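Colleague: Below is the file model_1.csv, with CSV, C-alpha atoms.
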```csv
chain,number,residue,atom,x,y,z
U,8,MET,CA,3.9,-5.1,22.1
U,9,SER,CA,2.0,-8.3,23.0
U,10,SER,CA,2.0,-11.2,25.4
U,11,ALA,CA,2.5,-14.7,24.1
U,12,LEU,CA,0.6,-17.2,26.2
U,13,THR,CA,0.1,-20.9,26.3
U,14,VAL,CA,2.1,-22.7,23.7
U,15,GLY,CA,0.0,-25.2,21.7
U,16,SER,CA,0.8,-28.9,21.6
U,17,ASN,CA,1.2,-30.8,18.4
U,18,ASP,CA,2.3,-27.6,16.6
U,19,ARG,CA,6.0,-28.3,15.9
U,20,VAL,CA,6.6,-29.3,12.3
U,21,ARG,CA,9.1,-32.2,12.0
U,22,ARG,CA,12.2,-31.1,10.1
U,23,ASP,CA,14.4,-34.0,9.0
U,24,HIS,CA,17.6,-32.8,7.3
U,25,GLY,CA,17.6,-33.8,3.6
U,26,ARG,CA,13.8,-34.6,3.6
U,27,PRO,CA,11.6,-32.1,1.8
U,28,VAL,CA,8.6,-30.8,3.8
U,29,ARG,CA,5.6,-32.9,3.0
U,30,ILE,CA,2.2,-31.3,2.9
U,31,LEU,CA,-1.1,-33.1,2.4
U,32,VAL,CA,-4.1,-31.1,1.1
U,33,VAL,CA,-7.5,-32.7,1.7
U,34,GLY,CA,-10.5,-31.8,-0.5
U,35,CYS,CA,-10.6,-30.9,-4.2
U,36,GLY,CA,-12.6,-27.7,-4.3
U,37,ASP,CA,-11.6,-24.2,-5.4
U,38,LEU,CA,-9.8,-23.3,-2.2
U,39,SER,CA,-7.7,-26.4,-2.2
U,40,ALA,CA,-6.5,-25.8,-5.8
U,41,ARG,CA,-5.7,-22.2,-5.0
U,42,VAL,CA,-3.7,-23.2,-1.9
U,43,LEU,CA,-1.9,-26.0,-3.7
U,44,HIS,CA,-0.8,-23.6,-6.4
U,45,GLY,CA,0.4,-21.2,-3.8
U,46,LEU,CA,2.4,-23.9,-2.0
U,47,THR,CA,4.4,-24.6,-5.2
U,48,ALA,CA,5.7,-21.0,-5.2
U,49,THR,CA,8.8,-21.9,-3.2
U,50,SER,CA,12.5,-22.3,-3.8
U,51,GLN,CA,12.7,-24.9,-1.1
U,52,PRO,CA,12.2,-28.6,-1.8
U,53,ARG,CA,8.6,-29.5,-1.1
U,54,HIS,CA,6.5,-32.6,-1.7
U,55,LEU,CA,2.7,-32.1,-1.9
U,56,ALA,CA,-0.2,-34.5,-2.1
U,57,LEU,CA,-3.9,-34.1,-2.7
U,58,LEU,CA,-6.5,-36.4,-1.2
U,59,GLY,CA,-10.1,-36.6,-2.3
U,60,ARG,CA,-12.8,-39.2,-3.1
U,61,ASP,CA,-13.3,-38.6,-6.9
U,62,GLY,CA,-10.4,-40.2,-8.6
U,63,GLU,CA,-10.7,-38.3,-11.9
U,64,VAL,CA,-11.0,-34.9,-10.1
U,65,VAL,CA,-8.1,-35.7,-7.8
U,66,VAL,CA,-5.7,-36.8,-10.6
U,67,ARG,CA,-6.7,-33.8,-12.9
U,68,THR,CA,-6.3,-31.3,-10.1
U,69,ALA,CA,-3.0,-32.7,-8.9
U,70,ASN,CA,-1.6,-32.7,-12.4
U,71,MET,CA,-2.9,-29.2,-13.1
U,72,VAL,CA,-1.1,-27.8,-10.1
U,73,SER,CA,2.1,-29.7,-10.7
U,74,LEU,CA,2.2,-28.8,-14.4
U,75,ALA,CA,1.5,-25.2,-13.7
U,76,ALA,CA,4.4,-25.2,-11.4
U,77,THR,CA,6.6,-26.7,-14.1
U,78,GLN,CA,5.4,-24.0,-16.5
U,79,LEU,CA,6.8,-21.5,-13.9
U,80,GLY,CA,10.1,-23.3,-13.6
U,81,ARG,CA,9.4,-25.0,-10.3
U,82,ASP,CA,9.8,-28.7,-9.5
U,83,CYS,CA,7.1,-29.5,-7.0
U,84,PRO,CA,5.4,-32.9,-7.3
U,85,VAL,CA,1.8,-33.4,-6.3
U,86,ASP,CA,0.7,-36.9,-5.5
U,87,PRO,CA,-2.9,-37.9,-6.1
U,88,LEU,CA,-4.4,-39.9,-3.2
U,89,VAL,CA,-7.9,-41.2,-3.8
U,90,ARG,CA,-9.7,-41.8,-0.6
U,91,ASP,CA,-13.2,-41.1,0.8
U,92,LEU,CA,-13.1,-39.5,4.3
U,93,ALA,CA,-16.0,-41.8,5.2
U,94,ASP,CA,-13.5,-44.6,5.0
U,95,VAL,CA,-11.6,-43.7,8.1
U,96,PRO,CA,-9.3,-46.7,8.1
U,97,GLY,CA,-8.5,-46.2,4.4
U,98,THR,CA,-7.8,-42.5,5.0
U,99,ALA,CA,-5.6,-43.3,7.9
U,100,GLU,CA,-3.6,-45.7,5.8
U,101,ALA,CA,-3.2,-43.1,3.1
U,102,ILE,CA,-2.0,-40.5,5.6
U,103,ALA,CA,0.5,-42.9,7.2
U,104,ARG,CA,1.9,-43.9,3.8
U,105,PHE,CA,2.4,-40.3,2.6
U,106,ASP,CA,3.8,-39.4,6.1
U,107,PRO,CA,3.0,-35.6,6.0
U,108,ASP,CA,4.5,-32.9,8.2
U,109,ILE,CA,1.5,-30.7,7.7
U,110,ILE,CA,-2.1,-31.5,6.8
U,111,PHE,CA,-4.4,-28.8,5.3
U,112,SER,CA,-8.0,-29.6,5.0
U,113,ALA,CA,-10.6,-27.7,3.0
U,114,ALA,CA,-13.1,-30.6,2.9
U,115,SER,CA,-16.7,-29.7,3.4
U,116,ARG,CA,-20.1,-31.2,2.6
U,117,GLN,CA,-21.2,-27.8,1.2
U,118,SER,CA,-19.1,-24.8,0.6
U,119,TRP,CA,-20.0,-21.7,2.6
U,120,TYR,CA,-20.7,-19.6,-0.5
U,121,VAL,CA,-23.3,-22.0,-2.0
U,122,ILE,CA,-26.3,-20.3,-0.4
U,123,SER,CA,-25.1,-16.9,-1.6
U,124,GLU,CA,-25.8,-18.2,-5.2
U,125,LEU,CA,-29.6,-18.5,-4.4
U,126,PRO,CA,-32.0,-15.9,-5.8
U,127,ALA,CA,-31.6,-12.7,-3.7
U,128,ASP,CA,-34.9,-13.0,-1.9
U,129,ARG,CA,-34.4,-16.6,-1.0
U,130,PHE,CA,-30.8,-16.0,0.1
U,131,ALA,CA,-32.0,-13.1,2.4
U,132,ARG,CA,-34.4,-15.4,4.2
U,133,VAL,CA,-32.1,-18.4,4.5
U,134,SER,CA,-29.0,-16.4,5.5
U,135,ALA,CA,-31.0,-14.7,8.3
U,136,ALA,CA,-30.3,-18.0,10.3
U,137,HIS,CA,-26.6,-17.1,10.0
U,138,PHE,CA,-23.8,-19.6,9.6
U,139,GLY,CA,-24.1,-21.6,12.8
U,140,PRO,CA,-26.9,-24.0,11.7
U,141,TRP,CA,-24.8,-25.1,8.7
U,142,LEU,CA,-22.2,-26.5,11.2
U,143,PRO,CA,-23.0,-30.2,10.3
U,144,MET,CA,-21.9,-29.7,6.7
U,145,HIS,CA,-18.4,-28.7,7.9
U,146,LEU,CA,-18.1,-30.7,11.1
U,147,ASP,CA,-18.9,-34.1,9.5
U,148,PRO,CA,-15.8,-34.3,7.1
U,149,VAL,CA,-13.4,-32.7,9.7
U,150,LEU,CA,-14.6,-35.2,12.4
U,151,LYS,CA,-13.9,-38.1,10.0
U,152,LEU,CA,-10.5,-36.7,9.0
U,153,MET,CA,-9.4,-36.2,12.6
U,154,LYS,CA,-10.4,-39.8,13.5
U,155,ALA,CA,-8.2,-40.9,10.6
U,156,VAL,CA,-5.4,-38.6,11.6
U,157,ARG,CA,-5.4,-40.1,15.1
U,158,ALA,CA,-5.6,-43.6,13.8
U,159,SER,CA,-2.7,-43.0,11.4
U,160,GLY,CA,-0.2,-42.2,14.2
U,161,THR,CA,1.0,-39.1,12.3
U,162,GLY,CA,2.5,-36.2,14.2
U,163,ALA,CA,1.5,-33.8,11.4
U,164,VAL,CA,0.2,-30.3,12.3
U,165,VAL,CA,-3.5,-30.2,11.1
U,166,VAL,CA,-4.8,-26.9,9.7
U,167,ASN,CA,-8.6,-26.7,8.9
U,168,ALA,CA,-10.4,-24.2,6.7
U,169,ALA,CA,-14.0,-25.4,7.3
U,170,TYR,CA,-15.7,-23.1,9.9
U,171,PRO,CA,-13.0,-23.6,12.5
U,172,ASP,CA,-14.6,-21.0,14.8
U,173,ALA,CA,-17.2,-23.6,15.7
U,174,VAL,CA,-15.9,-26.9,14.3
U,175,HIS,CA,-12.8,-26.8,16.6
U,176,PRO,CA,-14.5,-26.2,19.9
U,177,ALA,CA,-17.1,-28.9,19.0
U,178,LEU,CA,-14.2,-31.4,18.6
U,179,ALA,CA,-12.0,-30.2,21.4
U,180,GLY,CA,-13.7,-32.2,24.2
U,181,ALA,CA,-13.1,-35.4,22.3
U,182,GLY,CA,-9.4,-34.5,21.7
U,183,LEU,CA,-10.0,-34.2,18.0
U,184,SER,CA,-9.6,-30.5,17.3
U,185,PRO,CA,-7.2,-29.5,14.6
U,186,ALA,CA,-4.3,-27.3,15.8
U,187,LEU,CA,-5.2,-24.3,13.7
U,188,GLY,CA,-7.9,-22.8,11.5
U,189,ILE,CA,-7.6,-20.3,8.6
U,190,GLY,CA,-9.6,-17.5,7.1
U,191,ASN,CA,-12.5,-15.7,8.7
U,192,VAL,CA,-10.9,-13.3,11.2
U,193,ALA,CA,-7.7,-13.3,9.1
U,194,ASN,CA,-9.5,-12.2,5.9
U,195,SER,CA,-10.3,-8.8,7.5
U,196,VAL,CA,-6.8,-8.0,8.6
U,197,PRO,CA,-5.2,-6.8,5.3
U,198,ALA,CA,-7.9,-4.1,4.9
U,199,LEU,CA,-7.6,-3.0,8.6
U,200,ARG,CA,-3.8,-2.9,8.2
U,201,THR,CA,-4.0,-0.9,5.0
U,202,ILE,CA,-6.5,1.6,6.5
U,203,ALA,CA,-4.4,2.1,9.6
U,204,ALA,CA,-1.2,2.6,7.5
U,205,ARG,CA,-2.9,5.3,5.4
U,206,HIS,CA,-3.7,7.3,8.6
U,207,LEU,CA,-0.3,6.7,10.1
U,208,GLY,CA,1.6,7.6,6.9
U,209,CYS,CA,3.6,4.4,6.8
U,210,ALA,CA,3.7,1.1,4.9
U,211,PRO,CA,1.1,-1.5,5.8
U,212,ALA,CA,3.9,-3.9,6.8
U,213,GLU,CA,4.8,-1.6,9.6
U,214,VAL,CA,1.4,-1.9,11.3
U,215,GLN,CA,0.4,-4.9,13.4
U,216,PRO,CA,-3.3,-5.3,14.1
U,217,ARG,CA,-4.4,-7.5,16.9
U,218,PHE,CA,-8.0,-8.6,16.1
U,219,VAL,CA,-10.1,-10.9,18.3
U,220,ALA,CA,-13.4,-11.7,16.6
U,221,HIS,CA,-15.8,-14.5,15.7
U,222,HIS,CA,-16.7,-15.5,12.2
U,223,PHE,CA,-19.9,-13.5,12.6
U,224,VAL,CA,-18.0,-10.3,13.0
U,225,SER,CA,-15.4,-10.9,10.3
U,226,HIS,CA,-18.0,-12.1,7.8
U,227,ARG,CA,-20.2,-9.1,8.5
U,228,ILE,CA,-17.9,-6.1,8.6
U,229,SER,CA,-16.8,-6.0,5.0
U,230,ARG,CA,-20.4,-6.5,3.9
U,231,THR,CA,-22.3,-4.1,6.1
U,232,GLY,CA,-19.6,-1.9,7.6
U,233,ASP,CA,-20.5,-2.7,11.2
U,234,ASN,CA,-20.2,-5.6,13.8
U,235,GLY,CA,-23.9,-6.1,14.2
U,236,GLY,CA,-23.6,-5.7,18.0
U,237,ALA,CA,-21.3,-8.7,18.6
U,238,ALA,CA,-18.3,-8.4,20.8
U,239,TYR,CA,-14.8,-8.0,19.4
U,240,ASP,CA,-11.4,-6.5,20.4
U,241,LEU,CA,-9.2,-4.6,18.0
U,242,THR,CA,-5.9,-2.8,18.7
U,243,PHE,CA,-3.0,-1.6,16.5
U,244,TRP,CA,0.7,-1.6,17.1
U,245,GLN,CA,3.7,0.0,15.3
U,246,GLY,CA,7.3,-0.7,16.3
U,247,GLY,CA,6.2,-2.3,19.6
U,248,THR,CA,4.0,0.7,20.6
U,249,GLU,CA,0.3,0.7,20.7
U,250,VAL,CA,-1.1,3.3,18.3
U,251,THR,CA,-4.9,2.5,18.5
U,252,ASP,CA,-5.7,5.9,20.0
U,253,ARG,CA,-4.2,7.6,16.9
U,254,LEU,CA,-6.6,5.8,14.5
U,255,PRO,CA,-10.3,6.2,13.6
U,256,VAL,CA,-11.1,2.7,14.8
U,257,ASP,CA,-14.9,3.5,14.9
U,258,THR,CA,-15.0,4.1,11.2
U,259,MET,CA,-12.7,1.4,9.9
U,260,PHE,CA,-15.4,-1.2,9.4
U,261,HIS,CA,-17.3,1.3,7.3
U,262,SER,CA,-14.2,1.9,5.1
U,263,MET,CA,-14.0,-1.8,4.5
U,264,ARG,CA,-17.4,-1.7,3.0
U,265,THR,CA,-16.8,1.4,0.9
U,266,GLU,CA,-13.4,2.4,-0.5
U,267,TYR,CA,-11.8,-0.9,0.5
U,268,ARG,CA,-14.6,-3.2,-0.6
U,269,ARG,CA,-13.6,-6.4,-2.3
U,270,THR,CA,-15.0,-9.3,-4.2
U,271,GLY,CA,-16.9,-11.9,-2.1
U,272,GLY,CA,-18.4,-15.4,-2.7
U,273,ARG,CA,-16.5,-18.0,-4.7
U,274,GLN,CA,-14.2,-15.4,-6.4
U,275,GLY,CA,-13.4,-14.0,-3.0
U,276,GLN,CA,-11.7,-17.2,-2.0
U,277,LEU,CA,-8.5,-15.7,-3.3
U,278,MET,CA,-8.3,-13.9,0.1
U,279,THR,CA,-9.0,-17.1,2.0
U,280,ALA,CA,-6.3,-18.8,0.1
U,281,ALA,CA,-3.9,-16.0,1.0
U,282,SER,CA,-4.9,-16.3,4.6
U,283,ALA,CA,-4.2,-20.1,4.5
U,284,LEU,CA,-0.8,-19.5,3.0
U,285,GLY,CA,-0.1,-17.0,5.7
U,286,VAL,CA,-0.3,-19.9,8.1
U,287,LEU,CA,1.0,-22.8,6.0
U,288,GLU,CA,4.2,-21.1,4.8
U,289,PRO,CA,5.7,-20.2,8.2
U,290,LEU,CA,4.8,-23.7,9.4
U,291,ALA,CA,6.6,-25.2,6.4
U,292,THR,CA,9.6,-22.9,6.3
U,293,GLY,CA,10.1,-22.3,10.0
U,294,ALA,CA,10.0,-18.5,9.5
U,295,GLU,CA,8.5,-16.6,12.5
U,296,ALA,CA,5.2,-14.9,11.8
U,297,THR,CA,2.0,-13.6,13.5
U,298,ALA,CA,-1.2,-14.8,11.8
U,299,HIS,CA,-4.8,-14.3,12.7
U,300,VAL,CA,-6.2,-17.8,13.3
U,301,PRO,CA,-9.7,-19.1,14.1
U,302,GLY,CA,-10.2,-22.1,16.3
U,303,TRP,CA,-6.7,-22.2,17.9
U,304,HIS,CA,-6.6,-25.5,19.7
U,305,GLY,CA,-10.3,-25.6,20.2
U,306,LEU,CA,-10.9,-22.0,21.2
U,307,PRO,CA,-14.0,-20.4,19.7
U,308,GLY,CA,-13.6,-17.7,17.2
U,309,GLY,CA,-10.4,-16.1,16.0
U,310,CYS,CA,-7.4,-14.3,17.5
U,311,PRO,CA,-3.7,-13.5,16.7
U,312,VAL,CA,-1.2,-16.3,17.0
U,313,ARG,CA,2.6,-16.4,16.9
U,314,ILE,CA,4.1,-19.1,14.7
U,315,THR,CA,7.7,-20.2,15.4
U,316,ARG,CA,9.8,-23.3,14.8
U,317,GLU,CA,8.9,-24.3,18.4
U,318,GLY,CA,5.1,-24.3,17.7
U,319,THR,CA,2.4,-21.7,18.1
U,320,ALA,CA,1.2,-19.5,20.9
U,321,LEU,CA,-1.5,-16.8,21.4
U,322,ASP,CA,-0.1,-13.4,20.6
U,323,LEU,CA,-2.4,-11.0,22.4
U,324,PRO,CA,-2.3,-7.5,23.7
U,325,PRO,CA,-1.1,-7.5,27.4
U,326,ARG,CA,-4.6,-6.8,28.8
U,327,LEU,CA,-6.1,-9.9,27.2
U,328,GLY,CA,-5.8,-13.5,28.1
U,329,GLU,CA,-7.1,-16.8,26.8
U,330,ARG,CA,-10.3,-16.5,28.8
U,331,ASP,CA,-11.0,-13.1,27.4
U,332,VAL,CA,-10.6,-14.5,23.9
U,333,ALA,CA,-13.1,-17.2,24.7
U,334,GLU,CA,-15.6,-14.8,26.3
U,335,ILE,CA,-15.5,-12.3,23.4
U,336,ASN,CA,-15.9,-15.0,20.8
U,337,ARG,CA,-18.7,-16.9,22.6
U,338,ASP,CA,-20.7,-13.6,22.3
U,339,GLY,CA,-20.1,-13.6,18.5
U,340,GLN,CA,-20.9,-17.3,18.4
U,341,ARG,CA,-24.4,-16.5,19.6
U,342,TYR,CA,-24.9,-13.9,16.9
U,343,ASP,CA,-23.9,-16.7,14.4
U,344,GLY,CA,-26.8,-18.8,15.6
U,345,ILE,CA,-25.0,-21.0,18.1
U,346,ALA,CA,-26.2,-20.7,21.7
U,347,ARG,CA,-23.4,-22.7,23.2
U,348,ILE,CA,-20.9,-25.5,22.6
U,349,ALA,CA,-20.6,-27.8,25.7
U,350,GLU,CA,-17.3,-29.4,26.8
U,351,ASP,CA,-18.4,-32.7,25.4
U,352,GLY,CA,-19.0,-31.2,22.0
U,353,LEU,CA,-22.8,-30.9,22.2
U,354,VAL,CA,-23.9,-27.9,20.2
U,355,GLU,CA,-27.1,-26.0,21.0
U,356,PHE,CA,-28.4,-23.6,18.3
U,357,THR,CA,-30.4,-20.4,19.0
U,358,ASP,CA,-34.1,-20.5,18.9
U,359,GLU,CA,-34.2,-17.9,16.2
U,360,SER,CA,-31.8,-19.8,13.8
U,361,VAL,CA,-33.6,-23.1,14.4
U,362,GLU,CA,-37.0,-21.5,13.6
U,363,ILE,CA,-35.7,-19.9,10.3
U,364,MET,CA,-34.1,-23.2,9.2
U,365,ARG,CA,-37.4,-25.0,10.0
U,366,GLU,CA,-39.5,-22.5,8.1
U,367,GLU,CA,-37.2,-22.2,5.0
U,368,LEU,CA,-35.8,-25.7,4.7
U,369,GLY,CA,-38.0,-27.9,6.9
U,370,TYR,CA,-34.9,-28.7,8.9
U,371,ASN,CA,-35.3,-28.8,12.6
U,372,CYS,CA,-32.2,-29.2,14.8
U,373,LYS,CA,-32.0,-27.7,18.2
U,374,GLN,CA,-29.0,-29.7,19.5
U,375,LEU,CA,-26.2,-31.6,17.8
U,376,ALA,CA,-24.1,-34.3,19.4
U,377,LEU,CA,-20.9,-35.6,17.7
U,378,ALA,CA,-22.5,-39.0,17.4
U,379,ASP,CA,-25.3,-37.5,15.2
U,380,VAL,CA,-23.2,-35.3,13.0
U,381,GLU,CA,-23.3,-37.4,9.9
U,382,GLU,CA,-27.0,-38.0,10.1
U,383,ALA,CA,-27.7,-34.3,10.6
U,384,ALA,CA,-25.4,-33.4,7.6
U,385,ASP,CA,-27.3,-36.0,5.4
U,386,GLU,CA,-30.6,-34.5,6.4
U,387,LEU,CA,-29.5,-30.9,5.9
U,388,ALA,CA,-28.1,-31.7,2.5
U,389,ALA,CA,-31.3,-33.4,1.4
U,390,ARG,CA,-33.5,-30.6,2.7
U,391,TYR,CA,-31.5,-28.0,0.9
U,392,ALA,CA,-31.6,-30.0,-2.3
U,393,GLU,CA,-35.4,-30.3,-2.1
U,394,CYS,CA,-36.1,-26.6,-1.2
U,395,CYS,CA,-33.3,-24.8,-3.1
U,396,PRO,CA,-32.7,-26.7,-6.3
```
Write the structure described by the file as structure tokens, please.
Modeller:
Amino acid sequence: MSSALTVGSNDRVRRDHGRPVRILVVGCGDLSARVLHGLTATSQPRHLALLGRDGEVVVRTANMVSLAATQLGRDCPVDPLVRDLADVPGTAEAIARFDPDIIFSAASRQSWYVISELPADRFARVSAAHFGPWLPMHLDPVLKLMKAVRASGTGAVVVNAAYPDAVHPALAGAGLSPALGIGNVANSVPALRTIAARHLGCAPAEVQPRFVAHHFVSHRISRTGDNGGAAYDLTFWQGGTEVTDRLPVDTMFHSMRTEYRRTGGRQGQLMTAASALGVLEPLATGAEATAHVPGWHGLPGGCPVRITREGTALDLPPRLGERDVAEINRDGQRYDGIARIAEDGLVEFTDESVEIMREELGYNCKQLALADVEEAADELAARYAECCP
């Protein structure tokens, strides 16, 4: 059905007999709480921890999740770890002490949905710059986390939720890319699978989409019913046989906007949490699964990945290879407002997105180097607070 390519390094979860799998969740927002709660739904021994900078929020969230699990008859402790990611040595020490097998990070300076809560006319103007210019808000905490991960000496598999389509390739040249991302491309797959199953007359579980797409495409299709001109690749398989030619692929995106429309914004993070669990659970249990993953080992955009006890590997249609994935998703990257990401991590934004951010927020950033990420995030946060109170 598909060809598995280069096996990723640092993807094998340590499994010590008699030791529960240990999972560290970083960040105390809505997505982290949803994912933590989902991770307690297991019959296997599992030890969780939550790391964040606000001690009161960390303790309350950790206790809420642990007590909710108890209410459901589960015994799944959640340790509160109070650390600020800006304190890289302190974070490294906390990671080393907890000794996780998997790290899931949802840390961000500003959640992606925040601008969607602006008045409609202001949101339309700001969002015309697309998501790329907001990269510093997501790159800054992930960069600090990955420095702490390396300093801790952990062999944990790192999974990141914050704009992995661009964050991971920006970090790859410095050897700091997380292994896997979640969400984005994955969030579109359940609807595509359901639509295909309806036409094939089978259960959704019998259909295996293979979707290669950048955040721009996956974010757009459920909202507008089209790909906006950006490149993507979409095939469908059933029982090892490609069935793409039996399906109305040209109208599927439209169906996602109409009869299969779903809630977006903050409430829509239920889907993102499900996408995260679709990666974290097979990593934790060792069960084999194919998941759609953005930012696999620093690749731009998203694609299907096979998860096994031995690690992860691209799980692509036979006619596609790793270079094809990169080429398709670099095209989508430009539509998202990022002109290119160099091997050393230097990010260049498109002229159009730079001009919109300058006009709407007074923020002017054409190029972003890793050394300047924190400064850029500070400025962007301040400009947004001034212009969009």
Colleague: Which residues are close to range 198-201 of chain U, i.e. within 8 Å by all atoms listed in the file, leaving aside same-chain residues fewer than 4 positions away? Reply as a list in words.
Modeller: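 In the requested format, the answer is Arg205, Ala210, Pro211, Ala212, Val214, Gln215, Pro216, Met259, Met263 and Tyr267 of chain U.
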Colleague: Which is closer to Ala179 in chain U than all the others in U:Glu393, U:Asp351, U:Glu359, U:Asp343, using only C-alpha atoms?
Modeller: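 Closest to Ala179 in chain U of all the choices is U:Asp351.
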Colleague: Go ahead and find all residues with at least one atom no further than 12 Å from (-26.2, -36.5, 2.9) in the file's coordinates, using only C-alpha atoms; report them as an MDAnalysis selection string.
Modeller: chainID U and resid 93 115:117 143:144 147:148 380:392
Colleague: Which is closer to Asp94 in chain U than all the others in U:Thr49, U:Ser123, U:Leu152, U:Glu266, using only C-alpha atoms?
Modeller: U:Leu152
Colleague: From the options U:Ala237, U:Ile228, U:Ala48, U:Val196, which residue's atoms come nearest to Arg264 in chain U, counting only C-alpha atoms?
Modeller: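 Nearest candidate to Arg264 in chain U out of U:Ala237, U:Ile228, U:Ala48, U:Val196: U:Ile228.
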Colleague: Hey, can you check how far CA of Arg230 in chain U sits from CA of Gly190 in chain U?
Modeller: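 The value is 15.7 Å.
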Colleague: Taking (-20.5, -24.4, 20.8) as a centre in this file's frame and 6 Å as the limit, can you find every polymer residue with an atom that close, using all atoms listed in the file, and give them as a ChimeraX atom specification?
Modeller: /U:177,347-349,354
Colleague: Between U:Ser225, U:Thr231, U:Gln245, U:Gln276, which one has atoms that come closest to Glu213 in chain U, using all atoms listed in the file?
Modeller: U:Gln245
Colleague: Considering all atoms listed in the file, return as an MDAnalysis selection string whatever protein or nucleic-acid residues lie within 8 Å of Tyr370 in chain U, sequence-local ones (same chain, fewer than 2 positions apart) excluded.
Modeller: chainID U and resid 361 364:368 372 386:387 390
Colleague: Do you know which residues are at most 7 Å from Trp303 in chain U counting all atoms listed in the file, after dropping those on the same chain fewer than 5 positions away, and could you put them as a list in words?
Modeller: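 Those residues are Ala186, Leu187 and Gly188 of chain U.
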Colleague: Mind pulling up the distance from CA of His137 in chain U to CA of Gly272 in chain U?
Modeller: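 The value is 15.2 Å.
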Colleague: With distances taken over all atoms listed in the file, which residue among U:Val20, U:Ala158, U:Val256, U:Ala203 lies nearest Ala99 in chain U?
Modeller: U:Ala158
Colleague: At what distance in Å, to one decimal, does CA of Asn191 in chain U lie from CA of Leu375 in chain U?
Modeller: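 Atom-to-atom, CA of Leu375 in chain U and CA of Asn191 in chain U are spaced 22.9 Å apart.
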